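Coordinates from upload.csv are shown below (CSV, C-alpha atoms).
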```csv
chain,number,residue,atom,x,y,z
A,1077,MET,CA,-23.3,-15.4,-0.6
A,1078,ARG,CA,-20.9,-15.2,-3.6
A,1079,LEU,CA,-17.5,-13.5,-3.9
A,1080,GLY,CA,-17.6,-10.1,-5.6
A,1081,LYS,CA,-13.9,-10.3,-6.3
A,1082,SER,CA,-11.3,-13.1,-6.5
A,1083,ILE,CA,-9.3,-13.9,-3.4
A,1084,ILE,CA,-5.6,-13.3,-4.0
A,1085,SER,CA,-2.8,-15.1,-2.1
A,1086,GLU,CA,0.3,-13.3,-0.7
A,1087,GLU,CA,2.1,-14.6,-3.8
A,1088,GLY,CA,-0.5,-13.1,-6.1
A,1089,ARG,CA,-2.2,-16.4,-7.0
A,1090,VAL,CA,-6.0,-16.6,-7.3
A,1091,LEU,CA,-7.2,-18.8,-4.3
A,1092,LEU,CA,-10.9,-18.5,-5.0
A,1093,GLY,CA,-12.4,-16.9,-8.1
A,1094,ALA,CA,-15.2,-14.3,-8.2
A,1095,LYS,CA,-18.7,-15.6,-8.0
A,1096,ILE,CA,-17.7,-18.6,-5.8
A,1097,GLU,CA,-20.3,-19.4,-3.2
A,1098,LEU,CA,-19.2,-18.9,0.4
A,1099,THR,CA,-20.1,-21.6,2.8
A,1100,GLU,CA,-19.9,-21.3,6.6
A,1101,SER,CA,-16.9,-23.7,6.7
A,1102,LEU,CA,-15.1,-21.8,3.9
A,1103,ILE,CA,-15.7,-18.5,5.7
A,1104,LYS,CA,-14.1,-20.0,8.8
A,1105,LYS,CA,-11.1,-21.2,6.8
A,1106,LEU,CA,-10.6,-17.9,5.2
A,1107,ALA,CA,-10.7,-16.1,8.6
A,1108,GLN,CA,-8.1,-18.5,9.9
A,1109,ALA,CA,-5.9,-17.8,6.9
A,1110,GLY,CA,-6.0,-14.1,7.7
A,1111,PHE,CA,-8.9,-12.7,5.7
A,1112,HIS,CA,-11.0,-10.5,7.9
A,1113,TYR,CA,-13.3,-9.0,5.4
A,1114,LEU,CA,-14.2,-9.8,1.8
A,1115,PHE,CA,-16.1,-8.3,-1.2
A,1116,ILE,CA,-19.3,-10.2,-1.8
A,1117,ASP,CA,-22.2,-9.7,-4.3
A,1118,ASP,CA,-25.1,-8.0,-2.6
A,1119,PRO,CA,-28.2,-6.4,-4.2
A,1120,ARG,CA,-28.1,-3.7,-1.5
A,1121,THR,CA,-24.8,-2.4,-2.9
A,1122,ASP,CA,-24.8,-3.3,-6.5
A,1123,ASP,CA,-24.3,0.3,-7.5
A,1124,ILE,CA,-21.1,0.7,-5.4
A,1125,THR,CA,-18.0,0.0,-7.6
A,1126,VAL,CA,-14.5,-0.5,-6.1
A,1127,ALA,CA,-12.0,0.4,-8.8
A,1128,ASP,CA,-8.6,-1.5,-8.8
A,1129,PRO,CA,-5.8,0.4,-10.6
A,1130,ILE,CA,-4.1,-2.8,-11.7
A,1131,ARG,CA,-5.5,-6.0,-13.1
A,1132,GLU,CA,-5.4,-9.3,-11.2
A,1133,GLU,CA,-3.0,-10.7,-13.8
A,1134,THR,CA,-0.6,-7.8,-13.3
A,1135,ARG,CA,-0.8,-8.4,-9.6
A,1136,ARG,CA,0.1,-12.1,-10.0
A,1137,VAL,CA,3.0,-11.2,-12.3
A,1138,ALA,CA,4.2,-8.6,-9.9
A,1139,TYR,CA,4.4,-10.9,-6.9
A,1140,ALA,CA,6.2,-13.6,-8.8
A,1141,THR,CA,8.7,-11.1,-10.3
A,1142,ILE,CA,9.4,-9.3,-7.1
A,1143,SER,CA,9.9,-12.6,-5.2
A,1144,THR,CA,12.4,-13.8,-7.8
A,1145,ALA,CA,14.2,-10.4,-7.6
A,1146,LEU,CA,14.5,-10.7,-3.9
A,1147,ILE,CA,16.2,-14.1,-4.2
A,1148,ARG,CA,18.6,-12.9,-6.9
A,1149,TYR,CA,19.6,-9.7,-5.1
A,1150,SER,CA,20.2,-11.5,-1.9
A,1151,GLN,CA,22.8,-13.9,-3.5
A,1152,ASP,CA,26.4,-13.2,-4.0
A,1153,TYR,CA,27.4,-14.1,-7.5
A,1154,GLY,CA,31.0,-13.0,-7.2
A,1155,ALA,CA,32.3,-11.9,-10.6
A,1156,MET,CA,28.9,-12.5,-12.1
A,1157,THR,CA,27.1,-10.1,-9.8
A,1158,MET,CA,26.7,-7.2,-12.2
A,1159,GLN,CA,25.5,-9.4,-15.0
A,1160,ALA,CA,23.0,-11.2,-12.8
A,1161,HIS,CA,21.7,-8.0,-11.3
A,1162,SER,CA,21.3,-6.5,-14.7
A,1163,LEU,CA,19.1,-9.3,-15.8
A,1164,THR,CA,17.0,-8.9,-12.6
A,1165,SER,CA,16.6,-5.1,-13.0
A,1166,ARG,CA,15.5,-5.6,-16.6
A,1167,MET,CA,12.8,-7.9,-15.3
A,1168,MET,CA,11.7,-5.3,-12.8
A,1169,SER,CA,11.8,-2.6,-15.5
A,1170,GLU,CA,9.4,-4.7,-17.6
A,1171,LEU,CA,7.1,-5.1,-14.6
A,1172,VAL,CA,7.0,-1.3,-14.0
A,1173,ASP,CA,6.0,-0.9,-17.7
A,1174,LEU,CA,3.2,-3.4,-17.2
A,1175,ILE,CA,2.0,-1.5,-14.2
A,1176,LEU,CA,2.1,1.8,-16.0
A,1177,ASP,CA,0.0,0.3,-18.9
A,1178,ASP,CA,-2.7,-0.5,-16.4
A,1179,ILE,CA,-2.5,2.8,-14.6
A,1180,TYR,CA,-3.0,4.7,-17.9
A,1181,THR,CA,-6.4,3.0,-18.2
A,1182,TYR,CA,-7.4,4.1,-14.6
A,1183,ASN,CA,-9.4,7.2,-14.9
A,1184,GLN,CA,-10.2,8.0,-11.2
A,1185,ASP,CA,-9.3,11.4,-9.8
A,1186,THR,CA,-8.2,9.9,-6.4
A,1187,VAL,CA,-6.2,7.0,-5.1
A,1188,SER,CA,-7.6,4.3,-2.9
A,1189,PHE,CA,-5.3,2.4,-0.6
A,1190,LEU,CA,-7.3,-0.8,-0.4
A,1191,ASN,CA,-6.2,-4.4,-0.3
A,1192,ILE,CA,-9.4,-6.3,0.5
A,1193,ASN,CA,-9.4,-9.9,-0.8
A,1194,VAL,CA,-5.6,-9.9,-0.7
A,1195,LEU,CA,-4.0,-12.1,2.0
A,1196,LYS,CA,-1.7,-10.1,4.2
A,1197,PRO,CA,1.9,-11.2,4.1
A,1198,ARG,CA,3.3,-13.2,7.1
A,1199,GLU,CA,6.9,-13.4,6.1
A,1200,TRP,CA,9.3,-10.6,5.4
A,1201,GLN,CA,9.9,-11.5,1.8
A,1202,LYS,CA,6.2,-11.5,1.1
A,1203,HIS,CA,5.8,-8.3,3.1
A,1204,TYR,CA,8.4,-6.7,0.8
A,1205,CYS,CA,6.4,-7.8,-2.3
A,1206,HIS,CA,3.3,-6.4,-0.8
A,1207,ASN,CA,4.9,-3.1,0.1
A,1208,ALA,CA,7.0,-2.7,-3.1
A,1209,LEU,CA,3.9,-3.2,-5.2
A,1210,ASN,CA,1.7,-0.8,-3.2
A,1211,VAL,CA,4.3,2.0,-3.1
A,1212,THR,CA,5.0,1.6,-6.9
A,1213,VAL,CA,1.3,1.6,-7.9
A,1214,TYR,CA,0.3,4.6,-5.7
A,1215,ALA,CA,3.4,6.6,-6.5
A,1216,CYS,CA,2.8,6.2,-10.2
A,1217,LEU,CA,-0.9,7.0,-9.8
A,1218,ILE,CA,-0.2,10.2,-8.0
A,1219,GLY,CA,2.6,11.1,-10.4
A,1220,LYS,CA,0.2,10.6,-13.3
A,1221,MET,CA,-2.4,12.8,-11.6
A,1222,GLU,CA,0.3,15.5,-11.1
A,1223,GLY,CA,1.2,15.5,-14.8
A,1224,MET,CA,4.4,13.5,-14.9
A,1225,SER,CA,5.5,12.2,-18.3
A,1226,ARG,CA,5.7,8.4,-19.0
A,1227,THR,CA,9.5,8.7,-18.7
A,1228,GLN,CA,9.3,10.3,-15.3
A,1229,LEU,CA,6.7,7.8,-14.1
A,1230,LYS,CA,9.0,5.0,-15.2
A,1231,GLU,CA,11.9,6.5,-13.2
A,1232,LEU,CA,9.6,7.0,-10.2
A,1233,GLY,CA,8.2,3.5,-10.5
A,1234,MET,CA,11.6,1.9,-10.6
A,1235,GLY,CA,12.7,3.9,-7.5
A,1236,ALA,CA,9.5,2.9,-5.7
A,1237,MET,CA,9.8,-0.8,-6.7
A,1238,LEU,CA,13.4,-1.1,-5.5
A,1239,HIS,CA,13.5,1.4,-2.6
A,1240,ASP,CA,13.9,-1.2,0.1
A,1241,ILE,CA,16.0,-3.7,-1.8
A,1242,GLY,CA,18.9,-3.2,0.6
A,1243,ASN,CA,16.9,-5.1,3.3
A,1244,VAL,CA,17.8,-8.4,1.6
A,1245,ARG,CA,21.3,-8.0,3.1
A,1246,ILE,CA,20.1,-7.2,6.7
A,1247,PRO,CA,19.9,-10.1,9.1
A,1248,SER,CA,16.3,-11.3,9.4
A,1249,HIS,CA,16.4,-11.5,13.2
A,1250,ILE,CA,16.9,-7.7,13.3
A,1251,LEU,CA,14.3,-7.0,10.6
A,1252,HIS,CA,11.7,-9.0,12.5
A,1253,LYS,CA,12.6,-8.1,16.0
A,1254,PRO,CA,9.4,-7.3,17.9
A,1255,ASP,CA,11.1,-5.4,20.7
A,1256,ARG,CA,12.9,-2.1,20.7
A,1257,LEU,CA,16.1,-2.2,18.6
A,1258,THR,CA,19.4,-1.5,20.3
A,1259,ALA,CA,21.5,1.4,18.9
A,1260,ALA,CA,23.8,-1.1,17.1
A,1261,GLU,CA,20.8,-2.9,15.6
A,1262,PHE,CA,19.2,0.3,14.4
A,1263,LYS,CA,22.5,1.3,12.7
A,1264,GLN,CA,22.4,-2.0,10.9
A,1265,ILE,CA,18.8,-1.3,9.8
A,1266,GLN,CA,19.9,2.1,8.5
A,1267,ARG,CA,22.5,0.5,6.3
A,1268,HIS,CA,19.8,-0.9,4.0
A,1269,THR,CA,19.7,2.5,2.3
A,1270,GLU,CA,23.4,2.5,1.3
A,1271,ILE,CA,23.3,-1.3,0.6
A,1272,GLY,CA,20.4,-0.8,-1.8
A,1273,TYR,CA,22.0,2.1,-3.5
A,1274,ASP,CA,25.2,0.1,-4.0
A,1275,LEU,CA,23.2,-2.7,-5.6
A,1276,LEU,CA,21.6,-0.3,-8.1
A,1277,LYS,CA,23.9,2.6,-8.8
A,1278,TYR,CA,26.0,1.0,-11.6
A,1279,ASP,CA,23.1,-0.9,-13.2
A,1280,ASP,CA,22.3,0.5,-16.7
A,1281,ASN,CA,18.7,-0.6,-16.3
A,1282,VAL,CA,18.1,1.5,-13.2
A,1283,PRO,CA,18.0,5.3,-13.9
A,1284,PRO,CA,20.3,7.3,-11.5
A,1285,GLU,CA,17.2,9.1,-10.1
A,1286,SER,CA,15.6,5.7,-9.3
A,1287,ALA,CA,18.7,4.4,-7.5
A,1288,LEU,CA,18.6,7.6,-5.4
A,1289,CYS,CA,15.2,6.5,-4.0
A,1290,ALA,CA,16.9,3.5,-2.3
A,1291,LEU,CA,19.5,5.8,-0.8
A,1292,GLN,CA,17.3,8.8,0.2
A,1293,HIS,CA,13.8,7.5,1.1
A,1294,HIS,CA,14.5,7.9,4.8
A,1295,GLU,CA,15.9,11.4,4.5
A,1296,GLN,CA,13.9,14.1,6.1
A,1297,VAL,CA,13.4,17.7,4.9
A,1298,ASN,CA,14.7,19.1,8.2
A,1299,GLY,CA,18.0,17.2,7.8
A,1300,GLY,CA,17.2,14.7,10.5
A,1301,GLY,CA,17.0,11.6,8.4
A,1302,TYR,CA,19.5,9.0,7.3
A,1303,PRO,CA,22.0,8.0,5.9
A,1304,GLN,CA,23.4,11.5,5.0
A,1305,GLY,CA,21.2,13.9,6.9
A,1306,LEU,CA,20.3,15.8,3.8
A,1307,PRO,CA,18.2,19.0,3.9
A,1308,GLY,CA,15.1,19.1,1.8
A,1309,ARG,CA,16.5,20.9,-1.1
A,1310,LEU,CA,19.1,18.2,-1.7
A,1311,ILE,CA,16.6,15.3,-1.5
A,1312,HIS,CA,15.4,14.2,-5.0
A,1313,PRO,CA,11.6,14.7,-5.4
A,1314,TYR,CA,11.2,11.0,-6.3
A,1315,SER,CA,12.8,10.1,-3.0
A,1316,LYS,CA,10.5,12.4,-1.2
A,1317,TRP,CA,7.4,10.9,-2.8
A,1318,VAL,CA,8.6,7.3,-2.2
A,1319,GLY,CA,9.4,8.0,1.5
A,1320,LEU,CA,6.0,9.7,2.0
A,1321,ILE,CA,4.0,6.9,0.4
A,1322,ASP,CA,6.1,4.2,2.0
A,1323,ALA,CA,5.5,5.7,5.4
A,1324,TYR,CA,1.7,5.8,4.8
A,1325,ASP,CA,1.6,2.2,3.5
A,1326,ALA,CA,3.7,1.1,6.5
A,1327,LEU,CA,1.3,2.8,9.0
A,1328,CYS,CA,-1.8,1.2,7.4
A,1329,ASN,CA,-0.3,-2.3,7.7
A,1330,THR,CA,0.5,-4.4,10.7
A,1331,ARG,CA,4.1,-4.7,11.9
A,1332,CYS,CA,5.6,-7.2,14.3
A,1333,TYR,CA,5.8,-4.5,16.9
A,1334,ARG,CA,2.4,-2.8,16.4
A,1335,GLY,CA,-1.0,-3.0,14.9
A,1336,SER,CA,-2.2,-1.1,11.9
A,1337,TYR,CA,-3.4,2.5,12.0
A,1338,LEU,CA,-6.8,3.6,10.7
A,1339,PRO,CA,-6.5,5.6,7.5
A,1340,HIS,CA,-7.2,8.9,9.1
A,1341,GLU,CA,-4.7,8.2,11.9
A,1342,ALA,CA,-2.0,7.4,9.3
A,1343,MET,CA,-2.8,10.7,7.6
A,1344,GLU,CA,-2.6,12.6,10.9
A,1345,ALA,CA,0.8,11.0,11.5
A,1346,LEU,CA,2.0,12.3,8.1
A,1347,PHE,CA,0.7,15.8,8.9
A,1348,ALA,CA,2.4,15.6,12.3
A,1349,GLY,CA,5.7,15.2,10.3
A,1350,ALA,CA,4.9,17.7,7.6
A,1351,GLY,CA,7.6,20.4,7.4
A,1352,SER,CA,10.0,18.3,9.4
A,1353,LYS,CA,10.1,14.7,8.1
A,1354,PHE,CA,8.0,15.3,4.9
A,1355,ASP,CA,7.6,18.1,2.4
A,1356,MET,CA,4.5,20.0,3.5
A,1357,LYS,CA,3.2,20.6,-0.1
A,1358,MET,CA,3.6,17.0,-0.9
A,1359,VAL,CA,1.7,15.9,2.2
A,1360,GLN,CA,-1.1,18.3,1.2
A,1361,THR,CA,-1.2,17.0,-2.3
A,1362,PHE,CA,-1.2,13.4,-1.0
A,1363,ARG,CA,-4.2,14.2,1.2
A,1364,ASN,CA,-6.1,15.7,-1.7
A,1365,ARG,CA,-5.3,12.7,-3.9
A,1366,VAL,CA,-6.0,9.8,-1.5
A,1367,ASP,CA,-9.3,8.4,-0.5
A,1368,ILE,CA,-8.9,8.1,3.3
A,1369,TYR,CA,-12.0,5.9,3.3
A,1370,PRO,CA,-12.4,4.3,-0.2
A,1371,PRO,CA,-15.8,3.1,-1.4
A,1372,GLY,CA,-16.4,-0.4,-0.1
A,1373,THR,CA,-14.6,0.1,3.2
A,1374,PRO,CA,-16.5,-1.4,6.1
A,1375,VAL,CA,-16.9,1.0,9.0
A,1376,ARG,CA,-18.6,1.5,12.3
A,1377,LEU,CA,-19.9,4.9,13.3
A,1378,SER,CA,-19.8,6.7,16.6
A,1379,THR,CA,-23.5,6.0,16.8
A,1380,GLY,CA,-22.8,2.2,16.8
A,1381,GLN,CA,-24.3,1.8,13.3
A,1382,ARG,CA,-22.4,-0.3,10.7
A,1383,GLY,CA,-22.1,0.0,7.0
A,1384,ILE,CA,-19.8,0.6,4.1
A,1385,ILE,CA,-18.4,3.7,2.4
A,1386,ALA,CA,-20.7,4.4,-0.6
A,1387,ARG,CA,-19.1,7.6,-2.0
A,1388,VAL,CA,-16.3,10.0,-1.2
A,1389,THR,CA,-17.1,13.7,-0.7
A,1390,ARG,CA,-14.9,16.7,-0.9
A,1391,MET,CA,-14.2,16.2,2.8
A,1392,PRO,CA,-12.0,13.1,2.8
A,1393,LEU,CA,-12.7,12.2,6.4
A,1394,ARG,CA,-16.5,12.6,6.0
A,1395,PRO,CA,-17.7,10.3,3.2
A,1396,VAL,CA,-21.2,9.0,2.5
A,1397,VAL,CA,-21.9,5.8,4.5
A,1398,ARG,CA,-24.5,3.3,3.5
A,1399,ILE,CA,-26.0,1.9,6.8
A,1400,LEU,CA,-26.5,-1.8,6.7
A,1401,GLU,CA,-26.9,-2.6,10.5
A,1402,ASN,CA,-28.3,-0.5,13.3
A,1403,GLU,CA,-26.6,0.1,16.6
A,1404,TYR,CA,-27.8,-3.2,18.0
A,1405,GLY,CA,-26.2,-5.2,15.2
A,1406,GLU,CA,-29.5,-5.9,13.4
A,1407,GLU,CA,-29.5,-6.0,9.7
A,1408,LEU,CA,-31.7,-3.3,8.1
A,1409,PRO,CA,-34.3,-4.4,5.6
A,1410,ASN,CA,-34.0,-1.0,3.9
A,1411,PRO,CA,-30.5,0.4,4.0
A,1412,TYR,CA,-30.1,4.1,3.9
A,1413,GLU,CA,-27.2,6.6,3.6
A,1414,ILE,CA,-25.7,9.2,5.9
A,1415,ASP,CA,-23.6,12.0,4.4
A,1416,LEU,CA,-21.1,12.7,7.2
A,1417,SER,CA,-20.2,16.0,5.6
A,1418,GLN,CA,-23.7,17.1,6.6
A,1419,HIS,CA,-23.7,15.4,10.0
A,1420,LEU,CA,-20.7,16.7,11.8
A,1421,ASN,CA,-21.7,15.2,15.1
A,1422,ILE,CA,-21.1,11.7,13.7
A,1423,VAL,CA,-17.7,10.2,13.1
A,1424,ILE,CA,-16.2,7.0,11.9
A,1425,ASP,CA,-14.7,5.3,14.9
A,1426,GLN,CA,-13.6,2.0,13.5
A,1427,VAL,CA,-12.7,0.3,10.2
A,1428,THR,CA,-14.2,-3.0,10.9
A,1429,GLY,CA,-11.5,-5.1,9.3
A,1430,CYS,CA,-10.4,-6.1,12.8
A,1431,GLU,CA,-13.4,-8.4,13.0
A,1432,THR,CA,-14.6,-11.0,10.5
A,1433,MET,CA,-17.1,-9.2,8.4
A,1434,LEU,CA,-18.3,-9.5,4.8
A,1435,VAL,CA,-18.2,-6.3,2.9
A,1436,SER,CA,-21.2,-6.0,0.7
A,1437,ALA,CA,-19.8,-4.5,-2.5
A,1438,HIS,CA,-18.3,-5.4,-5.9
```

Any chance you could put this one into structure tokens?
Amino acid sequence: MRLGKSIISEEGRVLLGAKIELTESLIKKLAQAGFHYLFIDDPRTDDITVADPIREETRRVAYATISTALIRYSQDYGAMTMQAHSLTSRMMSELVDLILDDIYTYNQDTVSFLNINVLKPREWQKHYCHNALNVTVYACLIGKMEGMSRTQLKELGMGAMLHDIGNVRIPSHILHKPDRLTAAEFKQIQRHTEIGYDLLKYDDNVPPESALCALQHHEQVNGGGYPQGLPGRLIHPYSKWVGLIDAYDALCNTRCYRGSYLPHEAMEALFAGAGSKFDMKMVQTFRNRVDIYPPGTPVRLSTGQRGIIARVTRMPLRPVVRILENEYGEELPNPYEIDLSQHLNIVIDQVTGCETMLVSAH
């Protein structure tokens, strides 16, 4: 077996290039490192293409840039703080431009939240890089699909990239606490919104609308959010989008206090909060723009059969699945497809990333 895509580290470095042959010992090492499923070349699925909205080079630059920014924003430069932060924000602004250049060449009608072949972060700083990049890319993609101008996308992208920057000043033992937070600890966590805004609001390289994303991304349309308890009409649209996409990305990734949600479970959680936490129209738009099960995703059906998503239908929860194994775990000599939109008695009951499995796709 050979890799269909390069394997990327949590810093954005290429660990193994595409077309590298996978030996048994290498597969075991990758599993130990946190890779639970990979893209491989396979003639059974040569026709399935998994589009990535940004280039590998852009991803590498992004991880390096965001990591550097975290260090700089966490330091106290005294009288030099404003100048140092301005240099850092300029660097982040150039990164958003690079991401937008890639996004303008991405011609898909929907967004796929997919990070196969990318090592999941194990430290908070690397988790921040992962989350900041995801939220930025997907916010800008959806903004582009919704007709935003390049200027608006730049503002939205800067807000998404820096929305959680205030966490650099929150004690790490509170950020990483696996148990329930005390009331005092939760108040400290909530302060990251105001801290982040204070770091950005006087920076000429950060548009005022972008800085508001740091302050408002935990506000809720019913006024139940923080730090100001603003009603929906007073929350900037960029902040609403960043808060919504950040919530989805957080649900789809493991946290120290819980496992990750399946895509449809995360979407159900968003709809549970629609009209109270999140803007209902934005949640509906998000659902229509996001591939709940992107092509290439390994799944197990309620019948016990296993395969990968071949195509997305107009029913996001009911894609076309190419069956590669029967219910007994036996590989099929002649894979076939099931259109779940035509077989309503069959559902996807597991994304099989929780087990070591090689995804047969490019």

Problem set entry | Residue neighbourhood A:Asn1421, 12 Å, all atoms listed in the file, exclusion window fewer than 2 positions, as a ChimeraX atom specification | /A:1377-1379,1394,1414-1419,1423-1424

Problem set entry | Which residue of A:Glu1270, A:Val1359, A:Thr1121, A:Leu1092 approaches A:Glu1413 most closely, using only C-alpha atoms | A:Thr1121

For this session: Write out as a ChimeraX atom specification each polymer residue whose atoms come within 10 Å of A:Ala1323, counting only C-alpha atoms; drop sequence neighbours fewer than 2 positions from it.
Result: /A:1211,1293-1294,1317-1321,1325-1328,1342-1343,1345-1346,1354

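Minimum distance to A:Glu1285 across A:Pro1247, A:Gly1383, A:Gly1233, A:Pro1371 (counting all atoms listed in the file) occurs at A:Gly1233.
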
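Closest approach to A:Lys1353 among A:Val1297, A:Leu1306, A:Leu1176, A:Ala1138: A:Val1297, based on only C-alpha atoms.
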
For this session: Counting only C-alpha atoms, find the residues whose atoms lie at most 12 Å from (-0.9, -11.7, -10.5) (file coordinates) and write them out as a VMD selection string.
Result: chain A and resid 1082 to 1091 1130 to 1142 1171 1174 to 1175 1194 1205 to 1206 1209

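If all atoms listed in the file are the atoms counted, then among A:Asp1128, A:Arg1382, A:Val1244, A:Asn1281 the closest residue to A:Gln1151 is A:Val1244.
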
Test item: write stretch 1290-1344 of chain A with C-alpha atoms as a PDB file, in the first residue's frame:
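Generated file (selection_30.pdb):
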```pdb
ATOM      1  CA  ALA A1290     -12.226  37.814  19.994  1.00  0.00           C
ATOM      2  CA  LEU A1291     -14.628  39.637  22.296  1.00  0.00           C
ATOM      3  CA  GLN A1292     -17.972  38.308  21.053  1.00  0.00           C
ATOM      4  CA  HIS A1293     -17.497  34.736  19.790  1.00  0.00           C
ATOM      5  CA  HIS A1294     -19.053  33.307  22.989  1.00  0.00           C
ATOM      6  CA  GLU A1295     -22.044  35.652  22.952  1.00  0.00           C
ATOM      7  CA  GLN A1296     -25.419  34.018  22.314  1.00  0.00           C
ATOM      8  CA  VAL A1297     -28.356  35.385  20.355  1.00  0.00           C
ATOM      9  CA  ASN A1298     -30.673  35.056  23.379  1.00  0.00           C
ATOM     10  CA  GLY A1299     -28.346  37.214  25.486  1.00  0.00           C
ATOM     11  CA  GLY A1300     -27.110  34.269  27.561  1.00  0.00           C
ATOM     12  CA  GLY A1301     -23.478  34.377  26.443  1.00  0.00           C
ATOM     13  CA  TYR A1302     -20.408  36.171  27.713  1.00  0.00           C
ATOM     14  CA  PRO A1303     -18.680  38.514  28.418  1.00  0.00           C
ATOM     15  CA  GLN A1304     -21.407  41.144  27.894  1.00  0.00           C
ATOM     16  CA  GLY A1305     -24.595  39.110  27.520  1.00  0.00           C
ATOM     17  CA  LEU A1306     -25.401  40.821  24.220  1.00  0.00           C
ATOM     18  CA  PRO A1307     -28.659  40.065  22.372  1.00  0.00           C
ATOM     19  CA  GLY A1308     -28.362  38.814  18.811  1.00  0.00           C
ATOM     20  CA  ARG A1309     -28.924  42.176  17.134  1.00  0.00           C
ATOM     21  CA  LEU A1310     -25.838  43.611  18.868  1.00  0.00           C
ATOM     22  CA  ILE A1311     -23.489  40.745  17.995  1.00  0.00           C
ATOM     23  CA  HIS A1312     -21.460  41.373  14.858  1.00  0.00           C
ATOM     24  CA  PRO A1313     -22.202  38.874  12.050  1.00  0.00           C
ATOM     25  CA  TYR A1314     -18.511  37.904  11.850  1.00  0.00           C
ATOM     26  CA  SER A1315     -18.575  37.046  15.544  1.00  0.00           C
ATOM     27  CA  LYS A1316     -21.690  34.923  15.044  1.00  0.00           C
ATOM     28  CA  TRP A1317     -20.040  32.988  12.222  1.00  0.00           C
ATOM     29  CA  VAL A1318     -16.801  32.470  14.135  1.00  0.00           C
ATOM     30  CA  GLY A1319     -18.656  31.316  17.248  1.00  0.00           C
ATOM     31  CA  LEU A1320     -20.779  28.862  15.243  1.00  0.00           C
ATOM     32  CA  ILE A1321     -17.878  27.351  13.282  1.00  0.00           C
ATOM     33  CA  ASP A1322     -15.638  27.233  16.353  1.00  0.00           C
ATOM     34  CA  ALA A1323     -18.343  25.319  18.229  1.00  0.00           C
ATOM     35  CA  TYR A1324     -18.671  22.774  15.409  1.00  0.00           C
ATOM     36  CA  ASP A1325     -14.902  22.311  15.114  1.00  0.00           C
ATOM     37  CA  ALA A1326     -14.610  21.882  18.892  1.00  0.00           C
ATOM     38  CA  LEU A1327     -17.347  19.232  18.941  1.00  0.00           C
ATOM     39  CA  CYS A1328     -15.704  17.272  16.117  1.00  0.00           C
ATOM     40  CA  ASN A1329     -12.356  17.128  17.934  1.00  0.00           C
ATOM     41  CA  THR A1330     -11.351  15.401  21.163  1.00  0.00           C
ATOM     42  CA  ARG A1331     -11.024  17.454  24.339  1.00  0.00           C
ATOM     43  CA  CYS A1332      -9.349  16.548  27.630  1.00  0.00           C
ATOM     44  CA  TYR A1333     -12.787  16.092  29.224  1.00  0.00           C
ATOM     45  CA  ARG A1334     -14.628  14.260  26.391  1.00  0.00           C
ATOM     46  CA  GLY A1335     -14.278  12.404  23.125  1.00  0.00           C
ATOM     47  CA  SER A1336     -15.146  13.767  19.708  1.00  0.00           C
ATOM     48  CA  TYR A1337     -18.679  13.882  18.294  1.00  0.00           C
ATOM     49  CA  LEU A1338     -19.666  12.269  15.030  1.00  0.00           C
ATOM     50  CA  PRO A1339     -20.358  14.927  12.363  1.00  0.00           C
ATOM     51  CA  HIS A1340     -24.121  14.467  12.460  1.00  0.00           C
ATOM     52  CA  GLU A1341     -24.079  14.587  16.275  1.00  0.00           C
ATOM     53  CA  ALA A1342     -22.197  17.886  16.168  1.00  0.00           C
ATOM     54  CA  MET A1343     -24.705  19.272  13.682  1.00  0.00           C
ATOM     55  CA  GLU A1344     -27.575  18.132  15.905  1.00  0.00           C
TER      56      GLU A1344
END
```
